[in-house]
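Structure data follow from data.txt (compact mmCIF, C-alpha atoms):
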```txt
# COMPACT_ATOMS: atom_id res chain seq x y z
CA MET A 146 73.86 73.43 39.74
CA PRO A 147 76.03 73.69 42.91
CA GLU A 148 77.88 76.58 41.25
CA TYR A 149 74.67 78.62 40.99
CA LEU A 150 73.78 77.76 44.58
CA ALA A 151 77.17 79.11 45.69
CA ALA A 152 76.38 82.44 44.00
CA LEU A 153 72.88 82.44 45.47
CA THR A 154 74.40 81.86 48.92
CA ILE A 155 76.33 85.14 48.66
CA ILE A 156 73.20 87.02 47.62
CA LEU A 157 71.19 85.54 50.49
CA LEU A 158 73.95 86.09 53.05
CA VAL A 159 74.47 89.75 52.16
CA GLY A 160 70.72 90.23 51.76
CA MET A 161 69.96 88.88 55.24
CA VAL A 162 72.53 91.11 56.94
CA LEU A 163 71.54 94.26 55.03
CA THR A 164 67.82 93.62 55.50
CA ARG A 165 68.32 93.20 59.25
CA ALA A 166 70.39 96.41 59.41
CA LEU A 167 67.72 98.34 57.45
CA LEU A 168 64.92 97.02 59.68
CA MET A 169 66.85 98.15 62.73
CA LYS A 170 67.47 101.56 61.18
CA GLN A 171 63.70 101.96 60.85
CA GLN A 172 63.51 101.35 64.62
CA GLY A 173 66.10 104.10 65.22
CA ILE A 174 69.03 101.75 65.84
CA LYS A 175 72.24 102.21 63.86
CA ALA A 176 73.35 98.61 63.37
CA LEU A 177 76.26 99.28 61.01
CA LYS A 178 79.19 100.07 63.31
CA PHE A 179 81.82 98.50 61.06
CA GLY A 180 85.17 100.31 61.23
CA ASN A 181 84.31 102.55 64.18
CA ILE A 182 87.10 101.16 66.37
CA ASP A 183 89.74 100.16 63.82
CA LYS A 184 89.81 102.21 60.62
CA LYS A 185 91.85 99.45 58.93
CA ASP A 186 88.60 97.45 58.80
CA PHE A 187 87.74 99.46 55.70
CA LEU A 188 90.36 97.40 53.86
CA ILE A 189 88.06 94.38 54.18
CA PRO A 190 85.22 95.38 51.75
CA PRO A 191 87.39 95.48 48.60
CA PHE A 192 88.67 91.98 49.39
CA ALA A 193 85.09 90.83 50.05
CA LEU A 194 83.95 92.24 46.70
CA PHE A 195 86.83 90.46 44.97
CA TYR A 196 85.76 87.23 46.69
CA PHE A 197 82.20 87.75 45.46
CA TYR A 198 83.50 88.26 41.93
CA ILE A 199 85.58 85.06 42.11
CA VAL A 200 82.52 83.01 43.09
CA PHE A 201 80.27 84.64 40.47
CA ALA A 202 82.98 84.29 37.79
CA GLN A 203 83.29 80.58 38.54
CA ALA A 204 79.50 80.08 38.63
CA PHE A 205 78.66 82.01 35.47
CA ARG A 206 81.83 81.35 33.45
CA LEU A 207 82.98 84.98 33.53
CA PRO A 208 86.68 85.84 33.12
CA ALA A 209 88.37 84.28 36.13
CA VAL A 210 91.65 84.88 37.92
CA SER A 211 92.21 81.12 38.15
CA ARG A 212 90.25 78.03 37.23
CA GLN A 213 92.84 75.62 38.62
CA GLU A 214 91.26 73.12 41.00
CA PHE A 215 92.83 70.99 43.72
CA PHE A 216 90.42 68.15 43.06
CA ARG A 217 87.31 67.35 41.05
CA SER A 218 84.45 65.26 42.28
CA GLU A 219 80.77 64.91 41.47
CA PHE A 220 79.86 64.53 45.14
CA THR A 221 82.07 67.14 46.89
CA PRO A 222 80.25 70.21 45.50
CA TRP A 223 77.01 68.89 47.02
CA ILE A 224 78.73 68.62 50.40
CA GLY A 225 79.69 72.25 49.81
CA VAL A 226 76.05 73.12 49.15
CA ALA A 227 75.13 71.46 52.45
CA PHE A 228 77.73 73.59 54.28
CA CYS A 229 76.44 76.74 52.56
CA THR A 230 72.84 75.85 53.46
CA ALA A 231 73.81 75.13 57.07
CA GLY A 232 75.69 78.44 57.22
CA LEU A 233 72.68 80.37 55.90
CA GLY A 234 70.38 78.63 58.38
CA LEU A 235 72.75 79.39 61.23
CA LEU A 236 73.02 83.02 60.13
CA LEU A 237 69.24 83.37 60.01
CA TRP A 238 68.87 81.78 63.47
CA SER A 239 71.59 84.14 64.76
CA LEU A 240 69.90 87.23 63.36
CA ILE A 241 66.58 86.19 64.90
CA SER A 242 68.22 85.38 68.26
CA PHE A 243 70.08 88.70 68.30
CA GLY A 244 66.87 90.71 68.28
CA ARG A 245 67.50 94.44 68.74
CA SER A 246 71.12 93.82 69.82
CA PHE A 247 72.37 92.99 66.30
CA ARG A 248 75.33 95.10 65.13
CA VAL A 249 77.87 94.87 62.32
CA GLY A 250 81.03 95.87 64.16
CA ILE A 251 81.49 96.91 67.77
CA ASP A 252 78.99 99.39 69.22
CA THR A 253 80.56 101.10 72.22
CA ASP A 254 77.79 103.72 72.46
CA ARG A 255 74.61 101.62 72.61
CA PRO A 256 75.54 97.94 72.56
CA GLY A 257 72.11 96.62 73.54
CA ARG A 258 71.53 93.76 75.94
CA LEU A 259 73.78 90.72 76.22
CA VAL A 260 72.14 87.96 74.19
CA THR A 261 72.56 84.50 75.73
CA SER A 262 69.47 82.71 74.45
CA GLY A 263 68.53 81.05 71.18
CA ILE A 264 71.59 80.00 69.21
CA PHE A 265 73.72 82.07 71.60
CA ALA A 266 73.06 79.44 74.27
CA LEU A 267 75.11 77.04 72.10
CA SER A 268 77.80 79.33 70.66
CA ARG A 269 79.00 82.81 71.62
CA ASN A 270 79.81 83.58 67.97
CA PRO A 271 77.35 81.76 65.71
CA ILE A 272 77.53 84.38 62.96
CA TYR A 273 81.25 83.75 62.52
CA VAL A 274 80.61 80.00 62.54
CA ALA A 275 77.96 80.60 59.85
CA PHE A 276 80.37 82.62 57.70
CA ALA A 277 83.07 79.97 58.11
CA SER A 278 80.59 77.27 57.09
CA VAL A 279 79.71 79.22 53.94
CA LEU A 280 83.38 79.76 53.09
CA LEU A 281 84.14 76.06 53.53
CA GLY A 282 81.10 75.16 51.44
CA GLN A 283 82.13 77.48 48.63
CA PHE A 284 85.66 76.08 48.69
CA LEU A 285 84.22 72.57 48.30
CA ILE A 286 82.16 73.78 45.33
CA PHE A 287 85.11 75.68 43.77
CA PRO A 288 88.25 73.99 45.18
CA ASN A 289 90.86 76.48 44.00
CA TRP A 290 93.83 78.09 45.72
CA ILE A 291 92.27 81.58 45.88
CA LEU A 292 89.28 80.41 47.90
CA LEU A 293 91.60 78.40 50.12
CA VAL A 294 93.64 81.55 50.83
CA TYR A 295 90.42 83.46 51.52
CA MET A 296 89.27 80.76 53.92
CA GLY A 297 92.54 81.00 55.86
CA ALA A 298 92.55 84.80 55.90
CA ALA A 299 88.90 84.95 56.92
CA THR A 300 89.49 82.52 59.78
CA TRP A 301 92.26 84.78 61.08
CA LEU A 302 90.12 87.93 60.64
CA PHE A 303 87.09 86.35 62.33
CA HIS A 304 89.15 85.25 65.31
CA ARG A 305 90.78 88.70 65.54
CA GLN A 306 87.35 90.35 65.53
CA VAL A 307 86.00 87.90 68.12
CA LEU A 308 88.88 88.75 70.48
CA ARG A 309 88.20 92.47 70.02
CA GLU A 310 84.49 91.98 70.66
CA GLU A 311 85.16 89.85 73.74
CA GLU A 312 87.34 92.58 75.22
CA CYS A 313 84.61 95.14 74.69
CA LEU A 314 81.90 92.83 76.06
CA LYS A 315 83.95 92.12 79.21
CA LYS A 316 84.30 95.85 79.84
CA HIS A 317 80.63 96.56 79.27
CA TYR A 318 78.90 93.55 80.85
CA GLY A 319 81.51 92.50 83.43
CA GLU A 320 80.65 89.43 85.50
CA GLU A 321 77.52 88.68 83.45
CA TYR A 322 79.69 88.17 80.35
CA THR A 323 82.38 86.24 82.27
CA ASP A 324 79.71 83.84 83.56
CA TYR A 325 78.32 83.47 80.03
CA CYS A 326 81.83 82.60 78.76
CA ARG A 327 82.10 79.85 81.35
CA ARG A 328 78.84 78.28 80.20
CA VAL A 329 79.07 78.64 76.40
CA ARG A 330 81.90 77.88 74.01
CA ARG A 331 83.45 80.55 71.82
CA TYR A 332 82.64 78.81 68.53
CA LEU A 333 81.26 75.25 68.60
```

Kindly return the structure encoded in the file as structure tokens.
Amino acid sequence: MPEYLAALTIILLVGMVLTRALLMKQQGIKALKFGNIDKKDFLIPPFALFYFYIVFAQAFRLPAVSRQEFFRSEFTPWIGVAFCTAGLGLLLWSLISFGRSFRVGIDTDRPGRLVTSGIFALSRNPIYVAFASVLLGQFLIFPNWILLVYMGAATWLFHRQVLREEECLKKHYGEEYTDYCRRVRRYL
């Protein structure tokens, strides 16, 4: 059962982000700005699709790259489900808190207002915390070396993106953003 919930987590995660982007498009806001600043970002989607396949292959017993596990436990996958659920809840709260300022990628043209309320009063980057929670949860459900490597690589990529976003936000919002950084932690 946890295996199917891991696959469902991916569907819900991608579905929430795409639904939000489509709703914003209907309001005349282009929310998908991914790759506008760094064209190398387009290397990420193939790796994401491979990750999705790994999870679905494990869940539905499709041909897998590796089925080797670091450990096996009856309880650990359920802890993973809890992390996935928490990550989805945090993502949903983030999307709601973002309002019309939600973007995938950095929007240098029309960034929207600086969001400091809702979940953003507790964390400056709750979406990345949500993604990390999901990745950790899926590793606990499928404890293999590939998902461990993905978790490490994603952590590095998330932090890299956060630093790029912070630089852009400092330029655009100035002292307002600096004051926000003093009050609210970067992650947790």

Sorted by chain and rising residue number, which residues of range 165-279 of chain A lie within 12 Å of range 304-328 of chain A, and what are their closest atom pairs and distances in Å to one decimal, counting only C-alpha atoms, as JSON lines?
```
{"residue": "A:Phe179", "atom": "CA", "partner": "A:Gln306", "partner_atom": "CA", "distance": 10.8}
{"residue": "A:Gly180", "atom": "CA", "partner": "A:Gln306", "partner_atom": "CA", "distance": 11.1}
{"residue": "A:Ile182", "atom": "CA", "partner": "A:Arg309", "partner_atom": "CA", "distance": 9.5}
{"residue": "A:Asp183", "atom": "CA", "partner": "A:Arg309", "partner_atom": "CA", "distance": 10.0}
{"residue": "A:Asp186", "atom": "CA", "partner": "A:Gln306", "partner_atom": "CA", "distance": 9.9}
{"residue": "A:Arg248", "atom": "CA", "partner": "A:Glu310", "partner_atom": "CA", "distance": 11.1}
{"residue": "A:Val249", "atom": "CA", "partner": "A:Gln306", "partner_atom": "CA", "distance": 11.0}
{"residue": "A:Gly250", "atom": "CA", "partner": "A:Glu310", "partner_atom": "CA", "distance": 8.3}
{"residue": "A:Ile251", "atom": "CA", "partner": "A:Glu310", "partner_atom": "CA", "distance": 6.5}
{"residue": "A:Asp252", "atom": "CA", "partner": "A:Cys313", "partner_atom": "CA", "distance": 8.9}
{"residue": "A:Thr253", "atom": "CA", "partner": "A:Cys313", "partner_atom": "CA", "distance": 7.6}
{"residue": "A:Asp254", "atom": "CA", "partner": "A:His317", "partner_atom": "CA", "distance": 10.3}
{"residue": "A:Arg255", "atom": "CA", "partner": "A:His317", "partner_atom": "CA", "distance": 10.3}
{"residue": "A:Pro256", "atom": "CA", "partner": "A:His317", "partner_atom": "CA", "distance": 8.5}
{"residue": "A:Gly257", "atom": "CA", "partner": "A:His317", "partner_atom": "CA", "distance": 10.3}
{"residue": "A:Arg258", "atom": "CA", "partner": "A:Tyr318", "partner_atom": "CA", "distance": 8.9}
{"residue": "A:Leu259", "atom": "CA", "partner": "A:Tyr318", "partner_atom": "CA", "distance": 7.5}
{"residue": "A:Val260", "atom": "CA", "partner": "A:Tyr325", "partner_atom": "CA", "distance": 9.6}
{"residue": "A:Thr261", "atom": "CA", "partner": "A:Tyr325", "partner_atom": "CA", "distance": 7.3}
{"residue": "A:Ser262", "atom": "CA", "partner": "A:Tyr325", "partner_atom": "CA", "distance": 10.5}
{"residue": "A:Phe265", "atom": "CA", "partner": "A:Tyr325", "partner_atom": "CA", "distance": 9.7}
{"residue": "A:Ala266", "atom": "CA", "partner": "A:Arg328", "partner_atom": "CA", "distance": 8.4}
{"residue": "A:Leu267", "atom": "CA", "partner": "A:Arg328", "partner_atom": "CA", "distance": 9.0}
{"residue": "A:Ser268", "atom": "CA", "partner": "A:Cys326", "partner_atom": "CA", "distance": 9.6}
{"residue": "A:Arg269", "atom": "CA", "partner": "A:Cys326", "partner_atom": "CA", "distance": 7.7}
{"residue": "A:Asn270", "atom": "CA", "partner": "A:Val307", "partner_atom": "CA", "distance": 7.5}
{"residue": "A:Pro271", "atom": "CA", "partner": "A:Val307", "partner_atom": "CA", "distance": 10.9}
{"residue": "A:Ile272", "atom": "CA", "partner": "A:Val307", "partner_atom": "CA", "distance": 10.5}
{"residue": "A:Tyr273", "atom": "CA", "partner": "A:Val307", "partner_atom": "CA", "distance": 8.4}
{"residue": "A:Val274", "atom": "CA", "partner": "A:His304", "partner_atom": "CA", "distance": 10.4}
{"residue": "A:Phe276", "atom": "CA", "partner": "A:His304", "partner_atom": "CA", "distance": 11.9}
{"residue": "A:Ala277", "atom": "CA", "partner": "A:His304", "partner_atom": "CA", "distance": 10.8}
```

- [ ] Would you work out the distance separating CA of Ala152 in chain A from CA of Ser211 in chain A, expressed in Å to one decimal?
- [x]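 Going from CA of Ala152 in chain A over to CA of Ser211 in chain A, I get 16.9 Å.
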
TODO: Could you give me, as a PyMOL selection string, the residues within 9 Å of Leu240 in chain A, counting all atoms listed in the file and dropping anything in the same chain fewer than 2 positions from it?
DONE: chain A and resi 161-162+165+235-238+242-244+247+272

Counting all atoms listed in the file, find residues at most 10 Å from (82.2, 80.9, 44.8) (file frame) and give them as a PDB file with C-alpha atoms, in the coordinates of the input.
```pdb
ATOM      1  CA  PRO A 147      76.030  73.690  42.910  1.00  0.00           C
ATOM      2  CA  GLU A 148      77.880  76.580  41.250  1.00  0.00           C
ATOM      3  CA  TYR A 149      74.670  78.620  40.990  1.00  0.00           C
ATOM      4  CA  LEU A 150      73.780  77.760  44.580  1.00  0.00           C
ATOM      5  CA  ALA A 151      77.170  79.110  45.690  1.00  0.00           C
ATOM      6  CA  ALA A 152      76.380  82.440  44.000  1.00  0.00           C
ATOM      7  CA  LEU A 153      72.880  82.440  45.470  1.00  0.00           C
ATOM      8  CA  THR A 154      74.400  81.860  48.920  1.00  0.00           C
ATOM      9  CA  ILE A 155      76.330  85.140  48.660  1.00  0.00           C
ATOM     10  CA  TYR A 196      85.760  87.230  46.690  1.00  0.00           C
ATOM     11  CA  PHE A 197      82.200  87.750  45.460  1.00  0.00           C
ATOM     12  CA  TYR A 198      83.500  88.260  41.930  1.00  0.00           C
ATOM     13  CA  ILE A 199      85.580  85.060  42.110  1.00  0.00           C
ATOM     14  CA  VAL A 200      82.520  83.010  43.090  1.00  0.00           C
ATOM     15  CA  PHE A 201      80.270  84.640  40.470  1.00  0.00           C
ATOM     16  CA  ALA A 202      82.980  84.290  37.790  1.00  0.00           C
ATOM     17  CA  GLN A 203      83.290  80.580  38.540  1.00  0.00           C
ATOM     18  CA  ALA A 204      79.500  80.080  38.630  1.00  0.00           C
ATOM     19  CA  VAL A 279      79.710  79.220  53.940  1.00  0.00           C
ATOM     20  CA  LEU A 280      83.380  79.760  53.090  1.00  0.00           C
ATOM     21  CA  GLY A 282      81.100  75.160  51.440  1.00  0.00           C
ATOM     22  CA  GLN A 283      82.130  77.480  48.630  1.00  0.00           C
ATOM     23  CA  PHE A 284      85.660  76.080  48.690  1.00  0.00           C
ATOM     24  CA  LEU A 285      84.220  72.570  48.300  1.00  0.00           C
ATOM     25  CA  ILE A 286      82.160  73.780  45.330  1.00  0.00           C
ATOM     26  CA  PHE A 287      85.110  75.680  43.770  1.00  0.00           C
ATOM     27  CA  PRO A 288      88.250  73.990  45.180  1.00  0.00           C
ATOM     28  CA  ASN A 289      90.860  76.480  44.000  1.00  0.00           C
ATOM     29  CA  LEU A 292      89.280  80.410  47.900  1.00  0.00           C
TER      30      LEU A 292
END
```

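Put simply, CA of Val159 in chain A is 13.4 Å away from CA of Gly234 in chain A.
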
TODO: Report the distance between CA of Ala166 in chain A and CA of Phe303 in chain A in Å, rounded to one decimal place.
DONE: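 Value for the CA of Ala166 in chain A-CA of Phe303 in chain A distance: 19.7 Å.
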
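Using all atoms listed in the file for every distance, the candidate list A:Arg206, A:Ile264, A:Arg245, A:Gly232 yields A:Arg245 as the residue closest to Gln172 in chain A.
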
- [ ] Between A:Leu233, A:Ala227, A:Leu281, A:Ala176, single out the one closest to Leu293 in chain A, counting only C-alpha atoms.
- [x] A:Leu281

Quick one: axis-aligned box around all listed atoms of range 242-253 of chain A, 6 Å on every side, centre and edge lengths in Å to one decimal, written as lines of an AutoDock Vina configuration file.
```
center_x = 74.2
center_y = 93.2
center_z = 67.3
size_x = 26.6
size_y = 27.7
size_z = 21.9
```

Open item on the list: For a quick check of understanding, using all atoms listed in the file, which of A:Ser246, A:Val226, A:Thr300, A:Glu219 has the smallest distance to Leu177 in chain A?
Closed with: A:Ser246

Open item on the list: Measuring between all atoms listed in the file, which one of A:Ala193, A:Trp301, A:Phe187, A:Ile291 shows the shortest distance to Ala209 in chain A?
Closed with: A:Ile291

Rebuild range 164-195 of chain A so that it carries N, CA and C atoms, then output the result as a CSV table (one decimal), keeping the file's coordinate frame.
```csv
chain,number,residue,atom,x,y,z
A,164,THR,N,69.2,93.5,55.2
A,164,THR,CA,67.8,93.6,55.5
A,164,THR,C,67.7,93.8,57.0
A,165,ARG,N,68.4,93.1,57.8
A,165,ARG,CA,68.3,93.2,59.2
A,165,ARG,C,68.8,94.6,59.7
A,166,ALA,N,69.9,95.1,59.1
A,166,ALA,CA,70.4,96.4,59.4
A,166,ALA,C,69.4,97.5,59.0
A,167,LEU,N,68.7,97.3,57.9
A,167,LEU,CA,67.7,98.3,57.4
A,167,LEU,C,66.5,98.3,58.3
A,168,LEU,N,66.1,97.1,58.8
A,168,LEU,CA,64.9,97.0,59.7
A,168,LEU,C,65.2,97.7,61.0
A,169,MET,N,66.5,97.5,61.5
A,169,MET,CA,66.8,98.2,62.7
A,169,MET,C,66.9,99.7,62.6
A,170,LYS,N,67.4,100.1,61.4
A,170,LYS,CA,67.5,101.6,61.2
A,170,LYS,C,66.1,102.2,61.3
A,171,GLN,N,65.1,101.5,60.8
A,171,GLN,CA,63.7,102.0,60.8
A,171,GLN,C,63.2,102.1,62.3
A,172,GLN,N,63.8,101.3,63.2
A,172,GLN,CA,63.5,101.4,64.6
A,172,GLN,C,64.4,102.4,65.4
A,173,GLY,N,65.2,103.1,64.6
A,173,GLY,CA,66.1,104.1,65.2
A,173,GLY,C,67.4,103.6,65.8
A,174,ILE,N,67.8,102.4,65.4
A,174,ILE,CA,69.0,101.8,65.8
A,174,ILE,C,70.0,101.7,64.7
A,175,LYS,N,71.2,102.3,64.9
A,175,LYS,CA,72.2,102.2,63.9
A,175,LYS,C,73.0,100.9,64.1
A,176,ALA,N,72.7,99.9,63.2
A,176,ALA,CA,73.4,98.6,63.4
A,176,ALA,C,74.7,98.5,62.7
A,177,LEU,N,75.0,99.4,61.7
A,177,LEU,CA,76.3,99.3,61.0
A,177,LEU,C,77.3,100.1,61.7
A,178,LYS,N,78.1,99.4,62.5
A,178,LYS,CA,79.2,100.1,63.3
A,178,LYS,C,80.6,99.6,62.8
A,179,PHE,N,80.6,99.0,61.6
A,179,PHE,CA,81.8,98.5,61.1
A,179,PHE,C,82.9,99.6,60.9
A,180,GLY,N,84.1,99.4,61.4
A,180,GLY,CA,85.2,100.3,61.2
A,180,GLY,C,85.2,101.4,62.2
A,181,ASN,N,84.3,101.5,63.2
A,181,ASN,CA,84.3,102.6,64.2
A,181,ASN,C,85.5,102.5,65.1
A,182,ILE,N,86.0,101.3,65.4
A,182,ILE,CA,87.1,101.2,66.4
A,182,ILE,C,88.4,101.1,65.6
A,183,ASP,N,88.5,100.3,64.6
A,183,ASP,CA,89.7,100.2,63.8
A,183,ASP,C,89.5,100.6,62.4
A,184,LYS,N,90.0,101.7,62.0
A,184,LYS,CA,89.8,102.2,60.6
A,184,LYS,C,90.4,101.3,59.5
A,185,LYS,N,91.3,100.4,59.9
A,185,LYS,CA,91.8,99.4,58.9
A,185,LYS,C,90.8,98.5,58.5
A,186,ASP,N,89.7,98.4,59.2
A,186,ASP,CA,88.6,97.4,58.8
A,186,ASP,C,88.0,97.8,57.4
A,187,PHE,N,88.2,99.1,57.0
A,187,PHE,CA,87.7,99.5,55.7
A,187,PHE,C,88.5,98.9,54.6
A,188,LEU,N,89.6,98.2,54.9
A,188,LEU,CA,90.4,97.4,53.9
A,188,LEU,C,89.6,96.1,53.5
A,189,ILE,N,88.7,95.7,54.4
A,189,ILE,CA,88.1,94.4,54.2
A,189,ILE,C,87.1,94.4,53.0
A,190,PRO,N,86.2,95.4,52.8
A,190,PRO,CA,85.2,95.4,51.8
A,190,PRO,C,85.8,95.2,50.3
A,191,PRO,N,86.9,95.8,50.0
A,191,PRO,CA,87.4,95.5,48.6
A,191,PRO,C,87.8,94.0,48.4
A,192,PHE,N,88.3,93.4,49.5
A,192,PHE,CA,88.7,92.0,49.4
A,192,PHE,C,87.4,91.1,49.4
A,193,ALA,N,86.4,91.5,50.1
A,193,ALA,CA,85.1,90.8,50.0
A,193,ALA,C,84.5,90.9,48.7
A,194,LEU,N,84.5,92.1,48.1
A,194,LEU,CA,84.0,92.2,46.7
A,194,LEU,C,84.7,91.4,45.7
A,195,PHE,N,86.0,91.3,45.8
A,195,PHE,CA,86.8,90.5,45.0
A,195,PHE,C,86.4,89.0,45.2
```
